[in-house]
Structure formats: C-alpha cells, structure tokens
$ cat coords.txt   # compact mmCIF, C-alpha atoms (C1' of nucleotides)
# COMPACT_ATOMS: atom_id res chain seq x y z
CA MET A 1 196.89 20.28 8.69
CA LEU A 2 194.14 22.61 9.82
CA ARG A 3 192.64 20.02 12.09
CA ILE A 4 190.34 20.37 15.00
CA THR A 5 191.36 18.22 17.95
CA LYS A 6 189.87 14.80 18.49
CA LEU A 7 188.29 16.06 21.67
CA ALA A 8 186.31 18.63 19.70
CA ASP A 9 185.28 15.95 17.26
CA TYR A 10 184.19 13.67 20.12
CA ALA A 11 182.34 16.56 21.70
CA ILE A 12 180.06 16.81 18.70
CA VAL A 13 179.42 13.10 18.67
CA VAL A 14 178.65 13.01 22.37
CA LEU A 15 176.43 16.07 22.25
CA SER A 16 174.57 14.57 19.31
CA HIS A 17 173.80 11.51 21.39
CA LEU A 18 172.84 13.65 24.34
CA SER A 19 170.53 15.64 22.12
CA ALA A 20 168.89 12.51 20.72
CA GLU A 21 168.57 11.11 24.25
CA GLN A 22 166.47 13.92 25.53
CA GLN A 23 164.09 14.29 22.60
CA GLY A 24 160.83 15.39 24.13
CA SER A 25 161.67 14.36 27.65
CA SER A 26 164.09 16.56 29.56
CA GLU A 27 165.93 13.51 30.83
CA LYS A 28 169.52 13.61 31.92
CA SER A 29 172.17 11.24 30.65
CA THR A 30 175.20 10.04 32.53
CA ALA A 31 178.74 9.99 31.21
CA ARG A 32 178.61 6.23 31.48
CA ASN A 33 175.48 6.05 29.36
CA LEU A 34 176.86 8.38 26.69
CA SER A 35 180.07 6.41 26.62
CA HIS A 36 178.11 3.26 25.82
CA ARG A 37 176.07 4.93 23.13
CA SER A 38 178.96 6.64 21.41
CA GLY A 39 181.46 3.84 21.78
CA LEU A 40 184.02 6.27 23.18
CA PRO A 41 185.92 5.39 26.35
CA GLN A 42 184.25 6.49 29.55
CA PRO A 43 187.14 8.57 31.00
CA THR A 44 187.32 10.54 27.79
CA VAL A 45 183.60 11.18 27.73
CA SER A 46 183.73 12.31 31.35
CA LYS A 47 186.58 14.70 30.71
CA LEU A 48 184.70 16.10 27.78
CA LEU A 49 181.44 16.63 29.61
CA LYS A 50 183.23 18.35 32.46
CA GLU A 51 184.71 20.85 30.05
CA LEU A 52 181.41 21.34 28.29
CA ALA A 53 179.77 21.97 31.64
CA ARG A 54 182.41 24.51 32.55
CA SER A 55 181.77 26.25 29.25
CA GLY A 56 178.06 26.30 29.86
CA LEU A 57 176.94 24.15 26.94
CA VAL A 58 175.63 21.43 29.21
CA VAL A 59 174.26 21.55 32.71
CA SER A 60 175.33 18.98 35.25
CA GLU A 61 173.69 17.53 38.30
CA ARG A 62 175.74 15.71 40.83
CA GLY A 63 174.98 12.83 43.08
CA LEU A 64 173.10 9.62 42.57
CA LEU A 65 170.67 10.16 39.71
CA GLY A 66 172.90 12.96 38.52
CA GLY A 67 173.90 13.48 34.92
CA TYR A 68 174.08 15.99 32.12
CA ARG A 69 171.60 17.73 29.87
CA LEU A 70 171.94 20.35 27.17
CA ALA A 71 171.96 23.86 28.58
CA ARG A 72 169.78 25.04 25.69
CA ASP A 73 168.03 23.75 22.61
CA ALA A 74 170.17 21.88 20.09
CA ASN A 75 169.16 24.46 17.47
CA ALA A 76 170.75 27.16 19.58
CA ILE A 77 174.13 25.44 19.87
CA THR A 78 176.48 25.79 16.91
CA VAL A 79 179.54 23.88 15.90
CA ALA A 80 181.51 27.06 16.58
CA ASP A 81 180.20 27.06 20.15
CA ILE A 82 181.36 23.50 20.65
CA VAL A 83 184.79 23.98 19.13
CA HIS A 84 185.20 27.13 21.17
CA ALA A 85 184.19 25.33 24.35
CA VAL A 86 186.71 22.55 23.90
CA GLU A 87 189.60 24.25 22.12
CA GLY A 88 189.27 27.85 23.16
CA PRO A 89 188.93 30.80 20.80
CA ILE A 90 189.03 30.00 17.11
CA ALA A 91 192.17 31.81 15.98
CA LEU A 92 193.83 30.63 12.83
CA THR A 93 196.89 32.74 13.48
CA GLU A 94 198.29 34.54 16.45
CA CYS A 95 197.09 37.80 14.91
CA ASN A 96 193.59 36.61 15.65
CA LEU A 97 194.18 36.57 19.37
CA SER A 98 193.78 39.65 21.52
CA GLU A 99 196.86 38.44 23.37
CA PRO A 100 199.92 40.55 24.24
CA GLU A 101 200.93 40.49 20.59
CA ALA A 102 203.62 37.86 20.76
CA CYS A 103 203.93 38.22 17.02
CA GLY A 104 206.41 41.08 16.94
CA TYR A 105 205.11 42.23 13.59
CA ALA A 106 201.83 43.35 15.08
CA GLY A 107 200.40 46.27 13.18
CA ALA A 108 203.33 46.26 10.78
CA CYS A 109 202.36 42.94 9.26
CA PRO A 110 200.76 43.49 5.86
CA VAL A 111 198.53 40.45 6.00
CA GLU A 112 197.23 40.87 9.53
CA ALA A 113 193.95 42.57 8.62
CA ASN A 114 193.25 39.94 6.01
CA TRP A 115 193.73 37.07 8.43
CA ILE A 116 191.08 38.63 10.57
CA ARG A 117 188.71 38.50 7.62
CA ILE A 118 189.50 34.88 6.94
CA ASN A 119 189.13 33.93 10.54
CA ASP A 120 185.79 35.63 10.61
CA ALA A 121 184.65 33.74 7.54
CA ILE A 122 185.53 30.47 9.22
CA VAL A 123 183.82 31.39 12.44
CA ARG A 124 180.76 32.13 10.35
CA ALA A 125 181.00 28.81 8.55
CA LEU A 126 181.22 26.92 11.84
CA GLY A 127 178.59 29.13 13.40
CA SER A 128 176.07 28.45 10.66
CA ILE A 129 175.66 24.79 11.51
CA SER A 130 173.73 23.82 14.61
CA LEU A 131 174.07 20.79 16.78
CA ALA A 132 170.55 19.85 15.73
CA GLU A 133 171.71 19.71 12.13
CA MET A 134 174.79 17.71 13.00
CA ALA A 135 172.66 15.22 14.84
CA LYS A 136 170.54 14.31 11.84
CA PRO A 137 172.68 12.18 9.58
CA PHE A 138 171.26 13.26 6.26
CA SER A 139 170.42 16.90 6.54
CA PRO A 140 170.17 18.63 3.17
CA PRO A 141 173.55 20.02 2.17
CA LEU A 142 173.96 23.79 2.27
CA VAL A 143 176.73 23.48 -0.27
CA ARG A 144 177.53 20.89 -2.86
CA LEU A 145 179.11 17.90 -1.21
CA SER A 146 182.63 17.17 -2.29
CA THR A 147 183.63 13.56 -2.32
CA LYS A 148 186.42 12.48 -0.04
CA ARG A 149 188.54 11.87 -3.06
CA GLU A 150 188.00 15.38 -4.35
CA LEU A 151 188.90 16.85 -1.00
CA ALA A 152 192.04 14.79 -0.71
CA HIS A 153 193.24 16.08 -4.02
CA ALA A 154 191.92 19.60 -3.60
CA MET B 155 192.82 25.55 18.70
CA LEU B 156 192.01 25.38 15.02
CA ARG B 157 195.26 26.99 14.06
CA ILE B 158 197.13 26.86 10.83
CA THR B 159 200.83 26.23 11.32
CA LYS B 160 203.27 29.10 11.50
CA LEU B 161 204.86 27.85 8.31
CA ALA B 162 201.60 28.35 6.44
CA ASP B 163 201.30 31.78 7.94
CA TYR B 164 204.86 32.64 6.91
CA ALA B 165 204.18 31.26 3.46
CA ILE B 166 201.52 33.87 2.89
CA VAL B 167 203.74 36.65 4.13
CA VAL B 168 206.66 35.54 1.97
CA LEU B 169 204.50 35.06 -1.11
CA SER B 170 203.01 38.49 -0.58
CA HIS B 171 206.47 39.99 -0.65
CA LEU B 172 207.38 37.93 -3.68
CA SER B 173 204.23 39.11 -5.40
CA ALA B 174 204.99 42.75 -4.62
CA GLU B 175 208.57 42.28 -5.75
CA GLN B 176 207.67 41.24 -9.22
CA GLN B 177 204.99 43.81 -9.92
CA GLY B 178 205.24 44.52 -13.62
CA SER B 179 208.66 43.02 -14.07
CA SER B 180 208.93 39.28 -14.02
CA GLU B 181 211.96 39.47 -11.76
CA LYS B 182 213.05 36.65 -9.51
CA SER B 183 213.75 37.06 -5.83
CA THR B 184 216.18 35.07 -3.77
CA ALA B 185 215.42 33.44 -0.45
CA ARG B 186 217.94 35.80 1.08
CA ASN B 187 216.18 38.83 -0.33
CA LEU B 188 212.76 37.67 0.82
CA SER B 189 214.15 36.92 4.24
CA HIS B 190 215.34 40.52 4.55
CA ARG B 191 212.06 41.94 3.36
CA SER B 192 209.87 39.81 5.55
CA GLY B 193 212.08 39.83 8.64
CA LEU B 194 211.85 36.05 8.87
CA PRO B 195 215.01 33.98 9.37
CA GLN B 196 216.68 32.93 6.18
CA PRO B 197 216.74 29.15 6.81
CA THR B 198 213.02 29.21 7.44
CA VAL B 199 212.31 31.18 4.31
CA SER B 200 214.44 28.77 2.30
CA LYS B 201 212.67 25.73 3.69
CA LEU B 202 209.38 27.34 2.86
CA LEU B 203 210.25 28.24 -0.71
CA LYS B 204 211.53 24.75 -1.36
CA GLU B 205 208.20 23.31 -0.32
CA LEU B 206 206.29 25.87 -2.33
CA ALA B 207 208.40 25.01 -5.36
CA ARG B 208 207.71 21.33 -4.89
CA SER B 209 204.01 22.10 -4.74
CA GLY B 210 204.21 24.15 -7.90
CA LEU B 211 203.18 27.52 -6.48
CA VAL B 212 206.55 29.06 -7.24
CA VAL B 213 209.12 28.28 -9.89
CA SER B 214 212.76 28.13 -8.97
CA GLU B 215 215.94 28.72 -10.87
CA ARG B 216 219.21 27.49 -9.53
CA GLY B 217 222.69 28.84 -9.77
CA LEU B 218 224.17 32.27 -9.50
CA LEU B 219 221.39 34.73 -10.41
CA GLY B 220 218.91 32.05 -9.48
CA GLY B 221 215.83 32.66 -7.39
CA TYR B 222 212.09 32.19 -7.20
CA ARG B 223 209.09 33.65 -8.93
CA LEU B 224 205.37 32.96 -8.70
CA ALA B 225 204.29 30.11 -10.93
CA ARG B 226 201.16 32.04 -11.90
CA ASP B 227 199.44 35.35 -11.31
CA ALA B 228 198.77 36.31 -7.70
CA ASN B 229 195.08 36.48 -8.52
CA ALA B 230 195.14 32.82 -9.46
CA ILE B 231 196.66 31.65 -6.17
CA THR B 232 194.30 31.28 -3.23
CA VAL B 233 194.92 31.01 0.46
CA ALA B 234 193.59 27.47 0.23
CA ASP B 235 196.28 26.68 -2.35
CA ILE B 236 198.98 27.97 -0.04
CA VAL B 237 197.73 26.19 3.06
CA HIS B 238 197.38 23.01 1.07
CA ALA B 239 200.90 23.35 -0.28
CA VAL B 240 202.46 23.72 3.14
CA GLU B 241 200.21 21.64 5.36
CA GLY B 242 198.75 19.11 2.99
CA PRO B 243 195.04 18.50 2.45
CA ILE B 244 192.69 20.61 4.51
CA ALA B 245 190.89 18.03 6.62
CA LEU B 246 189.31 19.15 9.85
CA THR B 247 188.72 15.60 10.98
CA GLU B 248 189.99 12.23 9.95
CA CYS B 249 186.67 11.63 8.20
CA ASN B 250 187.74 14.24 5.70
CA LEU B 251 190.71 12.22 4.56
CA SER B 252 190.45 9.56 1.89
CA GLU B 253 192.80 7.53 4.06
CA PRO B 254 192.32 3.90 5.12
CA GLU B 255 189.62 4.97 7.55
CA ALA B 256 191.60 4.81 10.75
CA CYS B 257 188.50 6.10 12.46
CA GLY B 258 186.78 2.78 13.10
CA TYR B 259 183.38 4.43 13.01
CA ALA B 260 183.64 5.07 9.29
CA GLY B 261 180.24 5.03 7.67
CA ALA B 262 178.56 4.28 10.98
CA CYS B 263 179.40 7.67 12.44
CA PRO B 264 176.31 9.88 12.45
CA VAL B 265 178.19 13.12 12.05
CA GLU B 266 180.57 12.07 9.30
CA ALA B 267 178.56 13.46 6.38
CA ASN B 268 178.14 16.75 8.16
CA TRP B 269 181.85 17.13 8.78
CA ILE B 270 182.34 16.84 5.08
CA ARG B 271 179.97 19.75 4.61
CA ILE B 272 181.78 21.86 7.14
CA ASN B 273 185.14 21.05 5.68
CA ASP B 274 183.88 22.03 2.29
CA ALA B 275 182.61 25.34 3.61
CA ILE B 276 186.02 26.11 5.04
CA VAL B 277 187.83 25.12 1.88
CA ARG B 278 185.52 27.53 0.08
CA ALA B 279 186.24 30.30 2.55
CA LEU B 280 189.97 29.88 2.15
CA GLY B 281 189.63 29.41 -1.58
CA SER B 282 187.73 32.65 -2.03
CA ILE B 283 190.65 34.85 -1.05
CA SER B 284 193.53 35.29 -3.45
CA LEU B 285 197.15 36.02 -2.74
CA ALA B 286 196.66 39.31 -4.57
CA GLU B 287 194.01 40.29 -2.03
CA MET B 288 196.16 39.21 0.89
CA ALA B 289 199.00 41.32 -0.43
CA LYS B 290 197.08 44.57 -0.34
CA PRO B 291 196.82 45.66 3.28
CA PHE B 292 193.45 47.35 3.15
CA SER B 293 191.32 45.48 0.70
CA PRO B 294 187.59 46.10 1.20
CA PRO B 295 186.18 43.52 3.59
CA LEU B 296 183.89 40.86 2.13
CA VAL B 297 182.35 40.47 5.53
CA ARG B 298 182.05 42.79 8.48
CA LEU B 299 185.33 42.97 10.32
CA SER B 300 185.23 41.67 13.84
CA THR B 301 187.54 43.33 16.28
CA LYS B 302 190.17 41.22 17.94
CA ARG B 303 188.34 41.62 21.18
CA GLU B 304 185.13 40.33 19.72
CA LEU B 305 186.87 37.33 18.29
CA ALA B 306 188.59 36.55 21.54
CA HIS B 307 185.29 36.47 23.33
CA ALA B 308 183.30 34.92 20.52
C1' DG C 309 238.19 25.12 -14.81
C1' DT C 310 237.42 27.32 -10.59
C1' DA C 311 234.95 30.11 -7.43
C1' DA C 312 230.79 32.01 -5.81
C1' DA C 313 225.94 32.20 -5.17
C1' DT C 314 222.03 29.91 -5.33
C1' DT C 315 218.47 26.07 -4.84
C1' DA C 316 217.40 20.73 -3.45
C1' DG C 317 216.95 17.38 -0.27
C1' DT C 318 217.31 15.33 4.01
C1' DA C 319 218.15 14.73 8.78
C1' DC C 320 217.97 16.17 13.32
C1' DT C 321 216.67 18.17 17.92
C1' DA C 322 214.01 20.86 21.12
C1' DA C 323 209.66 22.57 22.23
C1' DA C 324 204.81 22.54 22.25
C1' DT C 325 200.51 20.32 21.96
C1' DC C 326 197.35 16.50 22.22
C1' DA C 327 195.36 12.26 23.95
C1' DG C 328 194.14 9.49 27.31
C1' DT C 329 194.14 7.80 31.96
C1' DC C 330 194.04 8.02 36.87
C1' DC C 331 193.38 9.67 41.48
C1' DT C 332 191.16 12.24 45.02
C1' DA C 333 187.42 15.29 46.41
C1' DT C 334 182.43 16.57 46.46
C1' DT C 335 177.54 15.90 46.02
C1' DT C 336 173.10 13.56 46.70
C1' DA C 337 169.41 9.78 46.91
C1' DG C 338 168.20 6.07 49.55
C1' DC D 339 176.57 5.21 55.84
C1' DT D 340 176.79 3.65 51.10
C1' DA D 341 176.53 3.87 46.20
C1' DA D 342 176.65 6.40 42.05
C1' DA D 343 177.51 10.29 39.98
C1' DT D 344 180.21 14.78 38.78
C1' DA D 345 184.59 18.24 39.73
C1' DG D 346 189.14 19.18 39.39
C1' DG D 347 193.66 18.41 38.68
C1' DA D 348 197.91 15.79 37.78
C1' DC D 349 200.44 12.96 34.96
C1' DT D 350 202.54 10.41 31.00
C1' DG D 351 203.35 8.96 26.32
C1' DA D 352 202.72 10.05 21.61
C1' DT D 353 202.46 13.12 17.97
C1' DT D 354 203.26 17.38 15.67
C1' DT D 355 205.59 21.60 14.96
C1' DA D 356 209.55 24.79 14.66
C1' DG D 357 213.74 25.79 13.53
C1' DT D 358 218.44 24.67 12.23
C1' DA D 359 222.18 22.34 10.00
C1' DC D 360 224.50 19.80 6.61
C1' DT D 361 225.59 18.01 2.08
C1' DA D 362 224.71 17.80 -2.89
C1' DA D 363 223.51 19.84 -7.33
C1' DT D 364 223.18 23.77 -10.52
C1' DT D 365 224.45 27.90 -12.97
C1' DT D 366 227.01 32.20 -14.02
C1' DA D 367 231.18 34.93 -14.17
C1' DC D 368 235.86 35.22 -14.67

$ encode --input "coords.txt" --output "structure tokens"
Amino acid sequence: MLRITKLADYAIVVLSHLSAEQQGSSEKSTARNLSHRSGLPQPTVSKLLKELARSGLVVSERGLLGGYRLARDANAITVADIVHAVEGPIALTECNLSEPEACGYAGACPVEANWIRINDAIVRALGSISLAEMAKPFSPPLVRLSTKRELAHA
Amino acid sequence: MLRITKLADYAIVVLSHLSAEQQGSSEKSTARNLSHRSGLPQPTVSKLLKELARSGLVVSERGLLGGYRLARDANAITVADIVHAVEGPIALTECNLSEPEACGYAGACPVEANWIRINDAIVRALGSISLAEMAKPFSPPLVRLSTKRELAHA
DNA sequence: GTAAATTAGTACTAAATCAGTCCTATTTAG
DNA sequence: CTAAATAGGACTGATTTAGTACTAATTTAC
C-alpha cells in the first residue's frame, strides 16, 4: 500500500523529540529518556538509534553519561535522509536500484525510464521537508492539506 | 523500502500495452494477448485485469471475443489511479488512513499533520503522470533525471 | 444445444518482509 | 570494580506479497 515501515515512522518521532531536547543546549539524550518521551518501547527506540548512528544521522557516546545527539542541525536533515537511513535506498521499483538487474526486462522495459522520473519526484518530495519542520506541529502547509477522508477516497 | 508492489508495477506495464494496442481503434485485448506482449505470466495478468476491472480502470467483456479495454483515455488515467486500484489508498503511515485510529497516538502525535502533507505531496507526484506518458518510452523529463547510481547512493 | 474461449471470483500456499524482543559484548565515569 | 549506557547480532511471530489453481458465469459460433 505504498507504506513506509513503522520503524521509519518511529524514527521521525524519536528524532523530533531528540531535536526538541537539545534546543539551545547541545545535550545528549539517552535511549531510555527518548523512550519515555515518545511513549515507544525502549528496545525499539534503542534499535532505531543504533541504526541512525550507523547511518550517521545521530552521533553516539558510550559509557555512563553516554547518549545520542543529532549529527547536524535539524534543518539539515530531511525526511528522505531518515527514510533512507532506516529503510535503505528509496526505490519504488526494482528498476530504481542499481542492482544486478534482477528484473529481466532491464533496458527492454518500456516504462523503466519513467519509473526513474517518478522515483526522483518522490525523493524530492521527501527531501523537501526537514526534520525541523516535522518537529513543529503546525508548520504552514506547502500544499493544500487534504482531509483524511479525502485521502481515503482518493 | 518504500516500494510499490510488483502487481502495481505490472499493472502499469500491462496497461501501457493495452493502451498501445488500442491506438486509434477501440479494439479489445485479451489477457492472453497482453500476457504475450508483456512477457508476464498469464495467470498474473488475468488476476491483475480482474482487479483493474473491479476498480473501473478497464472495462471487460466476457465470452468468446471478449476482452478488456481502457475505461477512459490514457491521458485521463494517472499512475496514482493505477496504484490506488491495485494497492488501495496511498497511505504512507497509518495516520494517513481514515481508519479507526489504531495508532493510539492519534491527535496527540506531533508529526501526524506533517505526514498528511507528505502523503499529499506524493499523491500529487503520482497523480501528475498519466498512463499515456508512461507508455511513451522517452517522454521529456519533468525533472532532471537522476542516474541509477545517484539514486542508489542518494 | 453444445463446444470453445473468455472473464469473475475465491481460495490457497510458499516466500519475503517487518516488528519486536533478547542476549552478549564494549565503553566509560565514578 | 560497578553501574549505566551503546554496539551488534540473533531470533521468532506476525503480516504482507506473489503466484497459482480451481470453479462458475458469460458469450459467440456452429
């Protein structure tokens, strides 16, 4: 159903809290702390932060008094970055991967080039929204907001 | 990984062939015929066309000499229509569904409103490309084409 | 009326993916 | 040394997807 995974969804929630946490101060937050704030289970939050650290979106410090902080400003982290970190490359179809062309129709497929365009458009859409924007609940809409009902019947 | 299903991908391929098939003439094509043209297995193509018929994107006629044709002009069918027909509503997160709010954070979630924006942007991206455009292999790009390699490392 | 070709609908199974938890290192302040 | 924290991986159950198969209904030709 063209869904992102829950983990990617959680990642944005957790990073929003982390961003809010370190407003002004450059304080670290622990997985435990972020779990409490977000209401998400601690093992899940830990798993998430580990992956985000591996991807370079957050920086970790080990040991007592350890924790996580954003690797760069929340304005410089996009939703595309976060989805990419947690789910890997954004590739709507297999054509969009640079992989060993498991498709079998590679090159011969008439719609291949167009999928690349679409994928690019979506990467742009996700790349145009920063974590900073996601973190403020009522940022001015870039596009007209559809109601849930409209979307469900779209 | 933010993928559409293979069935949605196939749907676009099959509909492209169907569209090409009935250029000028208002001829029908059979599932068998479209299977041969697309190289996709016949049972899969049949399953697909049944769903597309149910969704109203194609019109079917039964019996000997039966077959399928597009329900409307290829310019009036968008990629969003096709994805919606095969996969159901485009909803990146559960927030984007009008469902009985299984989320538990409904309303309280700080990023909910922003997900709706993002979802809307993606629906627009998919809605801006018609089947007619998908069917021609080298339509002029609306956006700069990224190479596969760029996308893989994006 | 019968046969043949086609779509309609449903059910089923195997494979892949996702979600969530748990366990065992490693690091570091005190 | 101990406590609190992250790192990495393994594991399991649930969900989704992919593909096939089977039976019924429809329509044309003869």

$ residues_around --input "coords.txt" --residues "range 156-159 of chain B" --least-positions-apart "2" --cutoff "12 Å" --atoms "only C-alpha atoms (C1' of nucleotides)" --output "MDAnalysis selection string"
(chainID A and resid 1:6 8:9 80 83:84 86:97 115 118:119 122:123 126) or (chainID B and resid 161:166 233:234 236:242 244:247 276 280) or (chainID C and resid 325) or (chainID D and resid 354:356)

$ closest_atom_pairs --input "coords.txt" --of "chain B" --to "chain D" --cutoff "9 Å" --atoms "all atoms listed in the file" --output "JSON lines"
{"residue": "B:Thr159", "atom": "CA", "partner": "D:DT355", "partner_atom": "C1'", "distance": 7.6}
{"residue": "B:Lys160", "atom": "CA", "partner": "D:DA356", "partner_atom": "C1'", "distance": 8.2}
{"residue": "B:Leu161", "atom": "CA", "partner": "D:DA356", "partner_atom": "C1'", "distance": 8.5}
{"residue": "B:Pro197", "atom": "CA", "partner": "D:DT358", "partner_atom": "C1'", "distance": 7.2}
{"residue": "B:Thr198", "atom": "CA", "partner": "D:DG357", "partner_atom": "C1'", "distance": 7.0}
{"residue": "B:Glu215", "atom": "CA", "partner": "D:DT364", "partner_atom": "C1'", "distance": 8.8}
{"residue": "B:Arg216", "atom": "CA", "partner": "D:DT364", "partner_atom": "C1'", "distance": 5.5}
{"residue": "B:Gly217", "atom": "CA", "partner": "D:DT365", "partner_atom": "C1'", "distance": 3.8}
{"residue": "B:Leu218", "atom": "CA", "partner": "D:DT366", "partner_atom": "C1'", "distance": 5.3}
{"residue": "B:Leu219", "atom": "CA", "partner": "D:DT366", "partner_atom": "C1'", "distance": 7.1}
{"residue": "B:Gly220", "atom": "CA", "partner": "D:DT365", "partner_atom": "C1'", "distance": 7.8}

$ atom_distance --input "coords.txt" --atom1 "CA of Met134 in chain A" --atom2 "CA of Arg117 in chain A"
25.6 Å

$ interface_residues --input "coords.txt" --of "chain C" --to "chain A" --cutoff "9 Å" --atoms "only C-alpha atoms (C1' of nucleotides)" --output "list in words"
DC326, DA327, DG328, DT329, DT334, DT335, DT336 and DA337 of chain C

$ atom_distance --input "coords.txt" --atom1 "C1' of DT310 in chain C" --atom2 "CA of Tyr222 in chain B"
26.0 Å
